[in-house]
Each structure stands twice: as C-alpha cells, then as structure tokens.
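A.B. asks: So that we are looking at the same thing, I have put the structure below in structure tokens.
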Amino acid sequence: MHYRRKEHPPPPAQREQHPTHHITLSERGPFLAPRCSCGWSGPARRSRPLARDEAAAHVAAESEAA
Ligand SMILES: [Zn+2]
C-alpha cells in the first residue's frame, strides 16, 4: 500500500541574490533618466555615470531592505 502524505512544499528561497531590478536609462534630450523594472524611476541627469550610480544605489537599497 502506498499511502502518500502530502507534506509541506519546500519554502521558496527567501534570499534573492538576483532581485528583479533591471535598470534602463531612458534618454530625454541631454538628460538621462534611470528606470527600473520594478517601477522605480530616478531623476533625470545630464551625466550618464551619475544616472547609473543612482540606479545602482536604488538596487542596493532595495536589496538591503529585503
Ligand atoms: Zn528596482
């Protein structure tokens, strides 16, 4: 007799090492506005490195908040 007990499924991984934050830089004239796939958007900057840096800071902050 095979009596199968339905046990609890394994818990999903709570540590997300790869959060779903995909950054894209949208150009608006001379400005660059960082946008994230999670819905976040940063202020438009004239400097691409600065826009990227702020986007990276957002991802880091979201990762820590989890
Ligand atoms: Zn995000």
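Letters A, B, ... go to the chains of the structure tokens in the order shown; residues in each chain start at 1; ligands are counted from 1 in the same order.
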At a cut-off of 10 Å and counting only C-alpha atoms and all ligand atoms, what residues surround ligand 1? Please answer as a ChimeraX atom specification.
C.D. replies: /A:19-23,35-41,55-63
A.B. asks: Can you list, as a list in words, every protein, DNA or RNA residue that comes within 12 Å of A:Ala33 when you count only C-alpha atoms, leaving out same-chain residues fewer than 5 positions away?
C.D. replies: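 My reading of the contact set: Ile23, Thr24, Leu25, Ser26, Glu27, Arg28, Trp40, Ser41, Gly42, Pro43, Ala44, Arg45, Arg46, Ser47, Arg48, Pro49, Leu50, Ala51, Arg52, Asp53, Glu54 and Ala55 of chain A.
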A.B. asks: Would you please give, as a ChimeraX atom specification, all residues of chain A that DSSP assigns to helix (DSSP H, G or I) based on the backbone?
C.D. replies: /A:48-65
A.B. asks: DSSP says strand (DSSP E) for which residues of chain A? Put them as a list in words?
C.D. replies: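 The residues of chain A classed as strand (DSSP E) are Ile23, Thr24, Leu25, Ser26, Glu27, Arg28, Phe31, Leu32, Ala33, Pro34, Arg35 and Cys36 of chain A.
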